[in-house]
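Dropping final_36.cif in here (mmCIF, C-alpha atoms):
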data_protein
#
loop_
_atom_site.group_PDB
_atom_site.id
_atom_site.type_symbol
_atom_site.label_atom_id
_atom_site.label_comp_id
_atom_site.auth_asym_id
_atom_site.auth_seq_id
_atom_site.Cartn_x
_atom_site.Cartn_y
_atom_site.Cartn_z
ATOM 1 C CA MET N 1 -3.045 7.604 -22.329
ATOM 2 C CA THR N 2 -1.985 9.450 -19.194
ATOM 3 C CA ARG N 3 -4.851 10.162 -16.833
ATOM 4 C CA PRO N 4 -5.644 13.817 -15.945
ATOM 5 C CA GLU N 5 -6.194 12.803 -12.309
ATOM 6 C CA VAL N 6 -4.495 10.239 -10.076
ATOM 7 C CA ARG N 7 -5.449 8.689 -6.737
ATOM 8 C CA ILE N 8 -2.689 8.537 -4.183
ATOM 9 C CA TYR N 9 -3.173 5.707 -1.706
ATOM 10 C CA GLU N 10 -1.221 6.517 1.450
ATOM 11 C CA VAL N 11 0.494 3.575 3.179
ATOM 12 C CA GLY N 12 2.713 5.488 5.600
ATOM 13 C CA PRO N 13 0.930 4.630 8.877
ATOM 14 C CA ARG N 14 0.984 0.898 8.080
ATOM 15 C CA ASP N 15 3.611 -0.147 5.526
ATOM 16 C CA GLY N 16 5.723 2.884 6.239
ATOM 17 C CA LEU N 17 6.051 2.115 9.941
ATOM 18 C CA GLN N 18 5.788 -1.667 10.193
ATOM 19 C CA ALA N 19 9.508 -2.406 9.792
ATOM 20 C CA GLU N 20 10.781 0.579 11.772
ATOM 21 C CA ALA N 21 12.700 -0.352 14.919
ATOM 22 C CA THR N 22 11.559 2.778 16.770
ATOM 23 C CA VAL N 23 8.036 2.189 18.071
ATOM 24 C CA VAL N 24 5.913 5.278 17.419
ATOM 25 C CA PRO N 25 3.481 6.161 20.258
ATOM 26 C CA ILE N 26 -0.210 5.870 19.483
ATOM 27 C CA ASP N 27 -0.816 9.606 19.956
ATOM 28 C CA ALA N 28 1.837 10.359 17.341
ATOM 29 C CA LYS N 29 0.341 7.809 14.935
ATOM 30 C CA LEU N 30 -3.078 9.400 15.306
ATOM 31 C CA ALA N 31 -1.608 12.870 14.784
ATOM 32 C CA PHE N 32 0.228 11.616 11.694
ATOM 33 C CA ILE N 33 -2.949 10.176 10.206
ATOM 34 C CA GLY N 34 -4.738 13.444 10.938
ATOM 35 C CA MET N 35 -2.017 15.443 9.188
ATOM 36 C CA LEU N 36 -2.280 13.189 6.140
ATOM 37 C CA ALA N 37 -6.026 13.788 5.978
ATOM 38 C CA ASP N 38 -5.432 17.526 6.421
ATOM 39 C CA ALA N 39 -3.116 17.363 3.396
ATOM 40 C CA GLY N 40 -5.967 16.054 1.256
ATOM 41 C CA LEU N 41 -5.166 12.338 1.194
ATOM 42 C CA ARG N 42 -8.436 10.431 0.997
ATOM 43 C CA GLU N 43 -7.194 6.849 1.341
ATOM 44 C CA ILE N 44 -4.957 6.224 4.337
ATOM 45 C CA GLU N 45 -4.035 2.662 5.291
ATOM 46 C CA ALA N 46 -4.293 3.010 9.041
ATOM 47 C CA THR N 47 -2.811 -0.145 10.571
ATOM 48 C CA SER N 48 -2.438 -3.904 10.381
ATOM 49 C CA LEU N 49 -4.376 -6.375 12.517
ATOM 50 C CA VAL N 50 -1.491 -8.791 12.931
ATOM 51 C CA SER N 51 -0.123 -10.472 16.029
ATOM 52 C CA PRO N 52 1.999 -8.051 18.090
ATOM 53 C CA SER N 53 4.631 -10.779 18.349
ATOM 54 C CA VAL N 54 5.025 -10.644 14.562
ATOM 55 C CA ILE N 55 4.939 -6.868 14.010
ATOM 56 C CA PRO N 56 5.512 -5.078 17.353
ATOM 57 C CA GLN N 57 4.937 -1.674 15.726
ATOM 58 C CA MET N 58 1.271 -2.642 15.207
ATOM 59 C CA ALA N 59 0.613 -3.828 18.779
ATOM 60 C CA ASP N 60 -1.657 -0.809 19.353
ATOM 61 C CA ALA N 61 -3.865 -1.473 16.305
ATOM 62 C CA ASP N 62 -7.115 -2.128 18.197
ATOM 63 C CA GLU N 63 -6.730 0.932 20.380
ATOM 64 C CA LEU N 64 -5.702 3.075 17.419
ATOM 65 C CA LEU N 65 -8.876 2.134 15.553
ATOM 66 C CA ARG N 66 -10.957 2.898 18.646
ATOM 67 C CA GLN N 67 -9.461 6.374 18.913
ATOM 68 C CA LEU N 68 -9.189 7.175 15.207
ATOM 69 C CA GLU N 69 -11.207 10.159 14.005
ATOM 70 C CA ARG N 70 -12.794 8.833 10.820
ATOM 71 C CA ARG N 71 -13.429 11.863 8.707
ATOM 72 C CA PRO N 72 -16.167 11.966 6.083
ATOM 73 C CA GLY N 73 -14.835 11.239 2.632
ATOM 74 C CA VAL N 74 -11.673 9.511 3.893
ATOM 75 C CA ARG N 75 -11.186 5.742 3.670
ATOM 76 C CA TYR N 76 -9.074 4.044 6.357
ATOM 77 C CA PRO N 77 -8.316 0.477 5.208
ATOM 78 C CA VAL N 78 -6.689 -2.025 7.562
ATOM 79 C CA LEU N 79 -4.610 -5.051 6.647
ATOM 80 C CA ILE N 80 -6.097 -8.405 7.681
ATOM 81 C CA PRO N 81 -3.820 -11.476 7.589
ATOM 82 C CA ASN N 82 -6.202 -14.153 8.886
ATOM 83 C CA ALA N 83 -9.532 -15.044 10.521
ATOM 84 C CA ARG N 84 -8.459 -13.563 13.852
ATOM 85 C CA GLY N 85 -7.744 -10.291 12.074
ATOM 86 C CA LEU N 86 -11.267 -10.395 10.622
ATOM 87 C CA GLU N 87 -12.737 -10.719 14.126
ATOM 88 C CA ARG N 88 -10.759 -7.695 15.248
ATOM 89 C CA ALA N 89 -11.830 -5.736 12.161
ATOM 90 C CA ILE N 90 -15.496 -6.454 12.875
ATOM 91 C CA ALA N 91 -15.039 -5.340 16.480
ATOM 92 C CA ALA N 92 -13.402 -2.123 15.255
ATOM 93 C CA ASP N 93 -16.274 -1.422 12.830
ATOM 94 C CA VAL N 94 -14.009 -0.936 9.819
ATOM 95 C CA ASP N 95 -15.400 -0.603 6.308
ATOM 96 C CA ALA N 96 -12.318 -1.265 4.170
ATOM 97 C CA ILE N 97 -9.775 -4.078 4.375
ATOM 98 C CA CYS N 98 -6.629 -5.282 2.643
ATOM 99 C CA LEU N 99 -5.532 -8.851 1.986
ATOM 100 C CA ILE N 100 -1.996 -9.762 1.016
ATOM 101 C CA THR N 101 -0.559 -12.635 -0.967
ATOM 102 C CA ALA N 102 2.173 -12.822 -3.599
ATOM 103 C CA ALA N 103 3.124 -14.121 -7.000
ATOM 104 C CA THR N 104 5.660 -16.541 -5.453
ATOM 105 C CA ASP N 105 5.090 -19.246 -2.863
ATOM 106 C CA SER N 106 8.415 -18.517 -1.162
ATOM 107 C CA TYR N 107 7.450 -14.965 -0.287
ATOM 108 C CA VAL N 108 3.974 -15.869 0.958
ATOM 109 C CA GLN N 109 5.541 -18.552 3.149
ATOM 110 C CA HIS N 110 7.955 -16.054 4.706
ATOM 111 C CA ASN N 111 5.261 -13.380 5.027
ATOM 112 C CA ILE N 112 2.227 -15.240 6.396
ATOM 113 C CA GLY N 113 3.382 -18.857 6.664
ATOM 114 C CA MET N 114 1.262 -20.212 3.798
ATOM 115 C CA SER N 115 1.511 -21.123 0.133
ATOM 116 C CA ILE N 116 -0.324 -19.026 -2.450
ATOM 117 C CA ASP N 117 -3.102 -21.620 -2.638
ATOM 118 C CA GLU N 118 -3.389 -21.779 1.153
ATOM 119 C CA SER N 119 -3.510 -17.987 1.448
ATOM 120 C CA LEU N 120 -6.296 -17.714 -1.117
ATOM 121 C CA ALA N 121 -8.255 -20.490 0.578
ATOM 122 C CA ALA N 122 -7.892 -18.655 3.904
ATOM 123 C CA PHE N 123 -9.014 -15.391 2.328
ATOM 124 C CA GLU N 124 -12.172 -16.855 0.774
ATOM 125 C CA PRO N 125 -14.337 -16.748 3.947
ATOM 126 C CA ILE N 126 -12.798 -13.404 4.952
ATOM 127 C CA ALA N 127 -13.682 -11.876 1.601
ATOM 128 C CA ALA N 128 -17.169 -13.396 1.708
ATOM 129 C CA GLU N 129 -17.799 -11.861 5.140
ATOM 130 C CA ALA N 130 -16.413 -8.523 4.001
ATOM 131 C CA ARG N 131 -18.660 -8.493 0.944
ATOM 132 C CA SER N 132 -21.686 -9.358 3.064
ATOM 133 C CA ARG N 133 -20.928 -6.306 5.209
ATOM 134 C CA GLY N 134 -20.405 -4.021 2.214
ATOM 135 C CA TRP N 135 -16.728 -3.482 2.928
ATOM 136 C CA TRP N 136 -14.282 -2.336 0.259
ATOM 137 C CA ILE N 137 -11.625 -4.982 -0.410
ATOM 138 C CA ARG N 138 -8.111 -4.321 -1.645
ATOM 139 C CA ALA N 139 -5.722 -7.184 -2.442
ATOM 140 C CA TYR N 140 -1.953 -6.965 -2.665
ATOM 141 C CA VAL N 141 0.017 -9.114 -5.083
ATOM 142 C CA SER N 142 3.526 -8.901 -3.635
ATOM 143 C CA THR N 143 6.706 -9.805 -5.543
ATOM 144 C CA ALA N 144 5.027 -9.050 -8.877
ATOM 145 C CA PHE N 145 8.320 -7.965 -10.442
ATOM 146 C CA GLY N 146 10.914 -9.866 -8.449
ATOM 147 C CA CYS N 147 11.199 -12.067 -5.363
ATOM 148 C CA PRO N 148 14.010 -11.934 -2.781
ATOM 149 C CA TYR N 149 13.937 -15.741 -2.629
ATOM 150 C CA ASP N 150 13.038 -16.834 -6.182
ATOM 151 C CA GLY N 151 14.471 -14.056 -8.324
ATOM 152 C CA GLU N 152 12.697 -12.968 -11.507
ATOM 153 C CA VAL N 153 8.904 -13.415 -11.649
ATOM 154 C CA ASP N 154 6.960 -14.399 -14.759
ATOM 155 C CA GLU N 155 4.049 -12.069 -15.507
ATOM 156 C CA ARG N 156 1.826 -15.119 -16.012
ATOM 157 C CA ALA N 157 2.166 -15.905 -12.314
ATOM 158 C CA VAL N 158 1.014 -12.366 -11.477
ATOM 159 C CA VAL N 159 -1.991 -12.675 -13.770
ATOM 160 C CA ALA N 160 -2.989 -16.046 -12.291
ATOM 161 C CA VAL N 161 -3.015 -14.712 -8.730
ATOM 162 C CA ALA N 162 -4.733 -11.468 -9.746
ATOM 163 C CA GLU N 163 -7.553 -13.324 -11.473
ATOM 164 C CA ARG N 164 -8.159 -15.494 -8.408
ATOM 165 C CA LEU N 165 -8.257 -12.455 -6.125
ATOM 166 C CA LEU N 166 -10.829 -10.771 -8.330
ATOM 167 C CA ARG N 167 -12.957 -13.923 -8.203
ATOM 168 C CA LEU N 168 -12.803 -13.695 -4.400
ATOM 169 C CA GLY N 169 -14.328 -10.234 -4.661
ATOM 170 C CA ALA N 170 -11.381 -7.835 -4.537
ATOM 171 C CA ASP N 171 -12.331 -4.312 -5.625
ATOM 172 C CA GLU N 172 -8.754 -3.277 -6.336
ATOM 173 C CA LEU N 173 -5.433 -5.024 -6.947
ATOM 174 C CA SER N 174 -2.216 -3.451 -5.709
ATOM 175 C CA ILE N 175 0.544 -4.897 -7.874
ATOM 176 C CA SER N 176 3.659 -4.637 -5.769
ATOM 177 C CA ASP N 177 7.328 -4.164 -6.565
ATOM 178 C CA THR N 178 8.231 -5.516 -3.154
ATOM 179 C CA VAL N 179 12.002 -5.377 -3.575
ATOM 180 C CA GLY N 180 12.151 -2.346 -5.847
ATOM 181 C CA VAL N 181 13.667 -4.031 -8.891
ATOM 182 C CA ALA N 182 11.268 -2.966 -11.673
ATOM 183 C CA ALA N 183 12.136 -0.723 -14.599
ATOM 184 C CA PRO N 184 9.541 0.815 -16.954
ATOM 185 C CA SER N 185 9.861 -2.149 -19.330
ATOM 186 C CA ASP N 186 8.862 -4.453 -16.456
ATOM 187 C CA VAL N 187 5.842 -2.282 -15.695
ATOM 188 C CA ARG N 188 4.764 -2.439 -19.323
ATOM 189 C CA ARG N 189 5.274 -6.218 -19.350
ATOM 190 C CA VAL N 190 3.314 -6.963 -16.152
ATOM 191 C CA VAL N 191 0.553 -4.365 -16.464
ATOM 192 C CA GLY N 192 0.249 -5.175 -20.149
ATOM 193 C CA ALA N 193 -0.253 -8.848 -19.319
ATOM 194 C CA LEU N 194 -2.931 -8.005 -16.747
ATOM 195 C CA VAL N 195 -4.822 -5.804 -19.195
ATOM 196 C CA ALA N 196 -4.480 -8.414 -21.961
ATOM 197 C CA ALA N 197 -6.060 -10.933 -19.593
ATOM 198 C CA GLY N 198 -9.126 -8.698 -19.294
ATOM 199 C CA ILE N 199 -8.260 -7.003 -16.008
ATOM 200 C CA GLY N 200 -9.140 -3.332 -16.380
ATOM 201 C CA SER N 201 -6.566 -0.685 -15.592
ATOM 202 C CA ASP N 202 -9.212 0.929 -13.374
ATOM 203 C CA VAL N 203 -8.846 -1.878 -10.800
ATOM 204 C CA ILE N 204 -5.028 -1.874 -10.909
ATOM 205 C CA ALA N 205 -2.875 0.112 -8.502
ATOM 206 C CA LEU N 206 0.898 -0.017 -8.267
ATOM 207 C CA HIS N 207 2.823 -0.326 -5.009
ATOM 208 C CA LEU N 208 6.351 0.750 -5.842
ATOM 209 C CA HIS N 209 9.402 0.613 -3.630
ATOM 210 C CA ASP N 210 12.100 3.101 -4.544
ATOM 211 C CA THR N 211 14.966 0.860 -3.495
ATOM 212 C CA ARG N 212 16.894 1.454 -6.717
ATOM 213 C CA GLY N 213 15.515 4.882 -7.603
ATOM 214 C CA SER N 214 13.189 3.786 -10.409
ATOM 215 C CA ALA N 215 9.780 4.297 -8.778
ATOM 216 C CA LEU N 216 8.867 7.606 -10.434
ATOM 217 C CA ALA N 217 9.905 6.363 -13.863
ATOM 218 C CA ASN N 218 7.678 3.351 -13.264
ATOM 219 C CA VAL N 219 4.777 5.632 -12.324
ATOM 220 C CA MET N 220 5.038 7.418 -15.651
ATOM 221 C CA ALA N 221 5.167 4.128 -17.564
ATOM 222 C CA ALA N 222 2.082 2.857 -15.732
ATOM 223 C CA MET N 223 0.142 6.044 -16.373
ATOM 224 C CA GLU N 224 0.737 5.605 -20.094
ATOM 225 C CA LEU N 225 -1.066 2.261 -19.727
ATOM 226 C CA GLY N 226 -4.029 3.877 -17.957
ATOM 227 C CA VAL N 227 -3.167 3.065 -14.354
ATOM 228 C CA GLY N 228 -4.603 5.784 -12.131
ATOM 229 C CA CYS N 229 -3.741 4.779 -8.552
ATOM 230 C CA PHE N 230 -0.343 4.641 -6.872
ATOM 231 C CA ASP N 231 0.663 3.713 -3.346
ATOM 232 C CA ALA N 232 3.075 5.995 -1.526
ATOM 233 C CA SER N 233 4.434 6.558 1.970
ATOM 234 C CA THR N 234 4.880 10.064 3.337
ATOM 235 C CA GLY N 235 8.542 10.532 4.161
ATOM 236 C CA GLY N 236 9.480 7.546 2.004
ATOM 237 C CA THR N 237 9.518 5.273 5.034
ATOM 238 C CA GLY N 238 8.932 1.564 4.908
ATOM 239 C CA GLY N 239 9.914 -1.681 3.342
ATOM 240 C CA SER N 240 8.839 -5.241 3.928
ATOM 241 C CA PRO N 241 10.359 -6.976 6.967
ATOM 242 C CA TYR N 242 10.239 -10.178 4.884
ATOM 243 C CA ALA N 243 12.092 -8.802 1.860
ATOM 244 C CA PRO N 244 15.769 -8.102 2.554
ATOM 245 C CA GLY N 245 16.900 -4.860 0.938
ATOM 246 C CA SER N 246 13.412 -3.514 0.239
ATOM 247 C CA ALA N 247 14.115 -0.251 2.024
ATOM 248 C CA GLY N 248 11.912 2.668 1.185
ATOM 249 C CA ASN N 249 8.500 3.080 -0.373
ATOM 250 C CA LEU N 250 7.919 5.699 -3.023
ATOM 251 C CA ALA N 251 7.707 8.952 -1.046
ATOM 252 C CA THR N 252 4.313 10.638 -1.212
ATOM 253 C CA GLU N 253 5.917 14.056 -1.475
ATOM 254 C CA ASP N 254 8.040 12.978 -4.464
ATOM 255 C CA LEU N 255 4.980 11.543 -6.193
ATOM 256 C CA VAL N 256 2.800 14.593 -5.490
ATOM 257 C CA TYR N 257 5.461 16.966 -6.791
ATOM 258 C CA LEU N 258 6.011 15.007 -10.011
ATOM 259 C CA LEU N 259 2.318 14.684 -10.789
ATOM 260 C CA GLN N 260 1.390 18.257 -9.996
ATOM 261 C CA ARG N 261 4.388 19.629 -11.885
ATOM 262 C CA ASP N 262 3.229 17.532 -14.848
ATOM 263 C CA GLY N 263 -0.302 18.953 -14.633
ATOM 264 C CA VAL N 264 -1.945 15.850 -13.123
ATOM 265 C CA ARG N 265 -4.563 16.504 -10.442
ATOM 266 C CA THR N 266 -4.131 14.708 -7.090
ATOM 267 C CA GLY N 267 -6.184 16.753 -4.615
ATOM 268 C CA VAL N 268 -3.184 16.637 -2.256
ATOM 269 C CA ASP N 269 -1.394 19.646 -0.790
ATOM 270 C CA LEU N 270 2.378 19.243 -1.054
ATOM 271 C CA ASP N 271 3.156 21.546 1.872
ATOM 272 C CA GLY N 272 0.832 19.508 4.071
ATOM 273 C CA VAL N 273 2.526 16.270 3.067
ATOM 274 C CA LEU N 274 5.960 17.764 3.741
ATOM 275 C CA ALA N 275 4.819 18.826 7.210
ATOM 276 C CA ALA N 276 3.613 15.277 7.892
ATOM 277 C CA ALA N 277 6.903 13.859 6.572
ATOM 278 C CA ARG N 278 8.927 16.050 8.913
ATOM 279 C CA PHE N 279 6.651 15.133 11.811
ATOM 280 C CA ILE N 280 6.972 11.366 11.400
ATOM 281 C CA ALA N 281 10.714 11.625 10.763
ATOM 282 C CA GLY N 282 11.023 13.432 14.076
ATOM 283 C CA GLU N 283 9.089 10.674 15.837
ATOM 284 C CA LEU N 284 11.456 8.112 14.317
ATOM 285 C CA GLY N 285 14.520 10.135 15.289
ATOM 286 C CA SER N 286 15.607 10.521 11.691
ATOM 287 C CA GLU N 287 15.683 13.044 8.866
ATOM 288 C CA VAL N 288 13.436 13.165 5.818
ATOM 289 C CA THR N 289 15.449 11.433 3.098
ATOM 290 C CA SER N 290 13.162 11.856 0.091
ATOM 291 C CA LYS N 291 14.276 14.139 -2.718
ATOM 292 C CA VAL N 292 11.421 16.635 -2.368
ATOM 293 C CA GLY N 293 11.594 16.288 1.402
ATOM 294 C CA ARG N 294 15.112 17.662 1.226
ATOM 295 C CA ALA N 295 14.731 20.185 -1.580
ATOM 296 C CA GLY N 296 11.132 21.333 -1.081
ATOM 297 C CA GLY N 297 8.641 22.167 -3.797
ATOM 298 C CA TRP N 298 8.919 24.654 -6.640
ATOM 299 C CA PRO N 299 8.378 27.501 -6.911
#

Translate this structure into structure tokens?
Amino acid sequence: MTRPEVRIYEVGPRDGLQAEATVVPIDAKLAFIGMLADAGLREIEATSLVSPSVIPQMADADELLRQLERRPGVRYPVLIPNARGLERAIAADVDAICLITAATDSYVQHNIGMSIDESLAAFEPIAAEARSRGWWIRAYVSTAFGCPYDGEVDERAVVAVAERLLRLGADELSISDTVGVAAPSDVRRVVGALVAAGIGSDVIALHLHDTRGSALANVMAAMELGVGCFDASTGGTGGSPYAPGSAGNLATEDLVYLLQRDGVRTGVDLDGVLAAARFIAGELGSEVTSKVGRAGGWP
């Protein structure tokens, strides 16, 4: 049954910017995050504590977290790839982290230089430390619907990784269509397999790339299965640097418009999101390319 209310998990400042060639100044990133909070978004993935040599766009992560205004009622998760990232997270006094692995070894190897088993072994002490500190833990399962290196992905592989992440202590699983290949039938297949394995829809989020224009249809299919959290990037920016052709996350403004037009509560102001989309597009020297970004809301 479709939920009357949906959480929108904003990934624009991290996943939206990480593959962009134009480096956004730290002041603009902070302003962008502030505009997203002003628009009513209550979960904003702020940055990634990776090596600057790997993701130059995130070279300012430590300073950004030092300067970030952490508003009451807003969660600012950061992505942690390894033990060094954990040290930096502790120094930054974060309270929410993200871990990332995948349903295929090939993608994990390209992304963080490990196999699935090695990534989960590396995450075990990180998750244990996070739990001891009372941090919220989100875990991404990339390539849940298709892999740029291995092709189609069996839902059983997604379930196996998801179960292991929950045993590590993950509070939420973001099941990711990394290359934007899923159709609603794929969403029903994968989410259905997760639920059949005993994983509640309340701990499942979907991270949908709109590479082939199917993201909103996939949102509706997932809502019918009880999923109530969706990742989105204001302005529709983003895409994995390790997944050729993965251009474009689901745009927050497109998602907000669809849900609100369909009577689903989000707590997010569409005009505020559109203002943030125009702002970050200007910083990137581009135009807003999302559908609602171009057409505006209605009425």

Gap from atom CA of N:Thr47 to atom CA of N:Ser233 - Å, one decimal: 13.1 Å

Measuring between all atoms listed in the file, which one of N:Ala31, N:Leu79, N:Ile199, N:Val141 shows the shortest distance to N:Gln67?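 Comparing N:Ala31, N:Leu79, N:Ile199, N:Val141 against N:Gln67, the winner is N:Ala31.
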
Counting all atoms listed in the file, the residue of N:Asp93, N:Tyr76, N:Ala28, N:Ala46 that sits nearest N:Arg133: N:Asp93

What does the structure give for the distance between atom CA of N:Gly192 and atom CA of N:Tyr140, in Å to one decimal? 17.7 Å

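Picture a line from atom CA of N:Ala232 to atom CA of N:His209; it runs 8.6 Å.
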
I want to know what sits within 10 Å of stretch 121-125 of chain N, based on all atoms listed in the file, with residues of the same chain fewer than 3 positions away left out; could you give that as a PyMOL selection string? chain N and resi 80-83+86+99-101+114-118+128-131+165+167-169

Using the chain letters and numbers from this file, what does the PyMOL selection byres ((chain N and resi 285) around 12) select? Give the answer as a PyMOL selection string. chain N and resi 20-24+278-284+286-288

Convert the current residue selection to file output with C-alpha atoms, as a compact mmCIF listing (two decimals), in the coordinates of the input.
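What follows is the written file part_27.txt:
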# COMPACT_ATOMS: atom_id res chain seq x y z
CA GLU N 20 10.78 0.58 11.77
CA ALA N 21 12.70 -0.35 14.92
CA THR N 22 11.56 2.78 16.77
CA VAL N 23 8.04 2.19 18.07
CA VAL N 24 5.91 5.28 17.42
CA ARG N 278 8.93 16.05 8.91
CA PHE N 279 6.65 15.13 11.81
CA ILE N 280 6.97 11.37 11.40
CA ALA N 281 10.71 11.62 10.76
CA GLY N 282 11.02 13.43 14.08
CA GLU N 283 9.09 10.67 15.84
CA LEU N 284 11.46 8.11 14.32
CA SER N 286 15.61 10.52 11.69
CA GLU N 287 15.68 13.04 8.87
CA VAL N 288 13.44 13.16 5.82

Hey, could you pull the box centre and edge lengths for stretch 179-187 of chain N, axis-aligned, 6 Å padding per side, all listed atoms, to one decimal in Å, as JSON?
{"center_x": 9.8, "center_y": -2.3, "center_z": -11.5, "size_x": 19.8, "size_y": 18.2, "size_z": 27.8}

For stretch 37-44 of chain N, which lacks atoms in the input, supply all heavy atoms and format the output as a PDB file, in the coordinates of the input.
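Saved file part.pdb follows:
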ATOM      1  N   ALA N  37      -4.677  13.399   6.412  1.00  0.00           N
ATOM      2  CA  ALA N  37      -6.026  13.788   5.978  1.00  0.00           C
ATOM      3  C   ALA N  37      -6.102  15.295   5.742  1.00  0.00           C
ATOM      4  O   ALA N  37      -6.727  15.756   4.768  1.00  0.00           O
ATOM      5  CB  ALA N  37      -7.058  13.342   7.010  1.00  0.00           C
ATOM      6  N   ASP N  38      -5.462  16.072   6.600  1.00  0.00           N
ATOM      7  CA  ASP N  38      -5.432  17.526   6.421  1.00  0.00           C
ATOM      8  C   ASP N  38      -4.794  17.903   5.087  1.00  0.00           C
ATOM      9  O   ASP N  38      -5.169  18.909   4.459  1.00  0.00           O
ATOM     10  CB  ASP N  38      -4.635  18.189   7.543  1.00  0.00           C
ATOM     11  CG  ASP N  38      -5.368  18.189   8.879  1.00  0.00           C
ATOM     12  OD1 ASP N  38      -6.598  17.993   8.889  1.00  0.00           O
ATOM     13  OD2 ASP N  38      -4.682  18.377   9.912  1.00  0.00           O
ATOM     14  N   ALA N  39      -3.824  17.082   4.647  1.00  0.00           N
ATOM     15  CA  ALA N  39      -3.116  17.363   3.396  1.00  0.00           C
ATOM     16  C   ALA N  39      -3.926  16.978   2.168  1.00  0.00           C
ATOM     17  O   ALA N  39      -3.488  17.214   1.038  1.00  0.00           O
ATOM     18  CB  ALA N  39      -1.773  16.636   3.384  1.00  0.00           C
ATOM     19  N   GLY N  40      -5.101  16.379   2.383  1.00  0.00           N
ATOM     20  CA  GLY N  40      -5.967  16.054   1.256  1.00  0.00           C
ATOM     21  C   GLY N  40      -5.935  14.600   0.830  1.00  0.00           C
ATOM     22  O   GLY N  40      -6.615  14.230  -0.137  1.00  0.00           O
ATOM     23  N   LEU N  41      -5.172  13.760   1.520  1.00  0.00           N
ATOM     24  CA  LEU N  41      -5.166  12.338   1.194  1.00  0.00           C
ATOM     25  C   LEU N  41      -6.491  11.726   1.629  1.00  0.00           C
ATOM     26  O   LEU N  41      -6.949  11.949   2.753  1.00  0.00           O
ATOM     27  CB  LEU N  41      -3.982  11.650   1.858  1.00  0.00           C
ATOM     28  CG  LEU N  41      -2.641  12.036   1.211  1.00  0.00           C
ATOM     29  CD1 LEU N  41      -1.489  11.929   2.197  1.00  0.00           C
ATOM     30  CD2 LEU N  41      -2.394  11.172  -0.025  1.00  0.00           C
ATOM     31  N   ARG N  42      -7.102  10.951   0.741  1.00  0.00           N
ATOM     32  CA  ARG N  42      -8.436  10.431   0.997  1.00  0.00           C
ATOM     33  C   ARG N  42      -8.477   8.912   1.155  1.00  0.00           C
ATOM     34  O   ARG N  42      -9.536   8.344   1.384  1.00  0.00           O
ATOM     35  CB  ARG N  42      -9.388  10.871  -0.130  1.00  0.00           C
ATOM     36  CG  ARG N  42      -9.675  12.374  -0.089  1.00  0.00           C
ATOM     37  CD  ARG N  42     -10.416  12.733   1.194  1.00  0.00           C
ATOM     38  NE  ARG N  42     -10.577  14.166   1.436  1.00  0.00           N
ATOM     39  CZ  ARG N  42      -9.814  14.880   2.267  1.00  0.00           C
ATOM     40  NH1 ARG N  42      -8.819  14.297   2.912  1.00  0.00           N
ATOM     41  NH2 ARG N  42     -10.028  16.158   2.453  1.00  0.00           N
ATOM     42  N   GLU N  43      -7.314   8.282   1.046  1.00  0.00           N
ATOM     43  CA  GLU N  43      -7.194   6.849   1.341  1.00  0.00           C
ATOM     44  C   GLU N  43      -5.918   6.665   2.146  1.00  0.00           C
ATOM     45  O   GLU N  43      -4.812   6.868   1.631  1.00  0.00           O
ATOM     46  CB  GLU N  43      -7.158   6.019   0.059  1.00  0.00           C
ATOM     47  CG  GLU N  43      -8.497   6.043  -0.677  1.00  0.00           C
ATOM     48  CD  GLU N  43      -8.415   5.340  -2.020  1.00  0.00           C
ATOM     49  OE1 GLU N  43      -7.724   5.856  -2.917  1.00  0.00           O
ATOM     50  OE2 GLU N  43      -9.052   4.282  -2.173  1.00  0.00           O
ATOM     51  N   ILE N  44      -6.087   6.304   3.410  1.00  0.00           N
ATOM     52  CA  ILE N  44      -4.957   6.224   4.337  1.00  0.00           C
ATOM     53  C   ILE N  44      -5.001   4.863   5.027  1.00  0.00           C
ATOM     54  O   ILE N  44      -5.902   4.605   5.835  1.00  0.00           O
ATOM     55  CB  ILE N  44      -5.013   7.352   5.387  1.00  0.00           C
ATOM     56  CG1 ILE N  44      -5.086   8.723   4.705  1.00  0.00           C
ATOM     57  CG2 ILE N  44      -3.816   7.272   6.317  1.00  0.00           C
ATOM     58  CD1 ILE N  44      -5.403   9.869   5.666  1.00  0.00           C
TER      59      ILE N  44
END
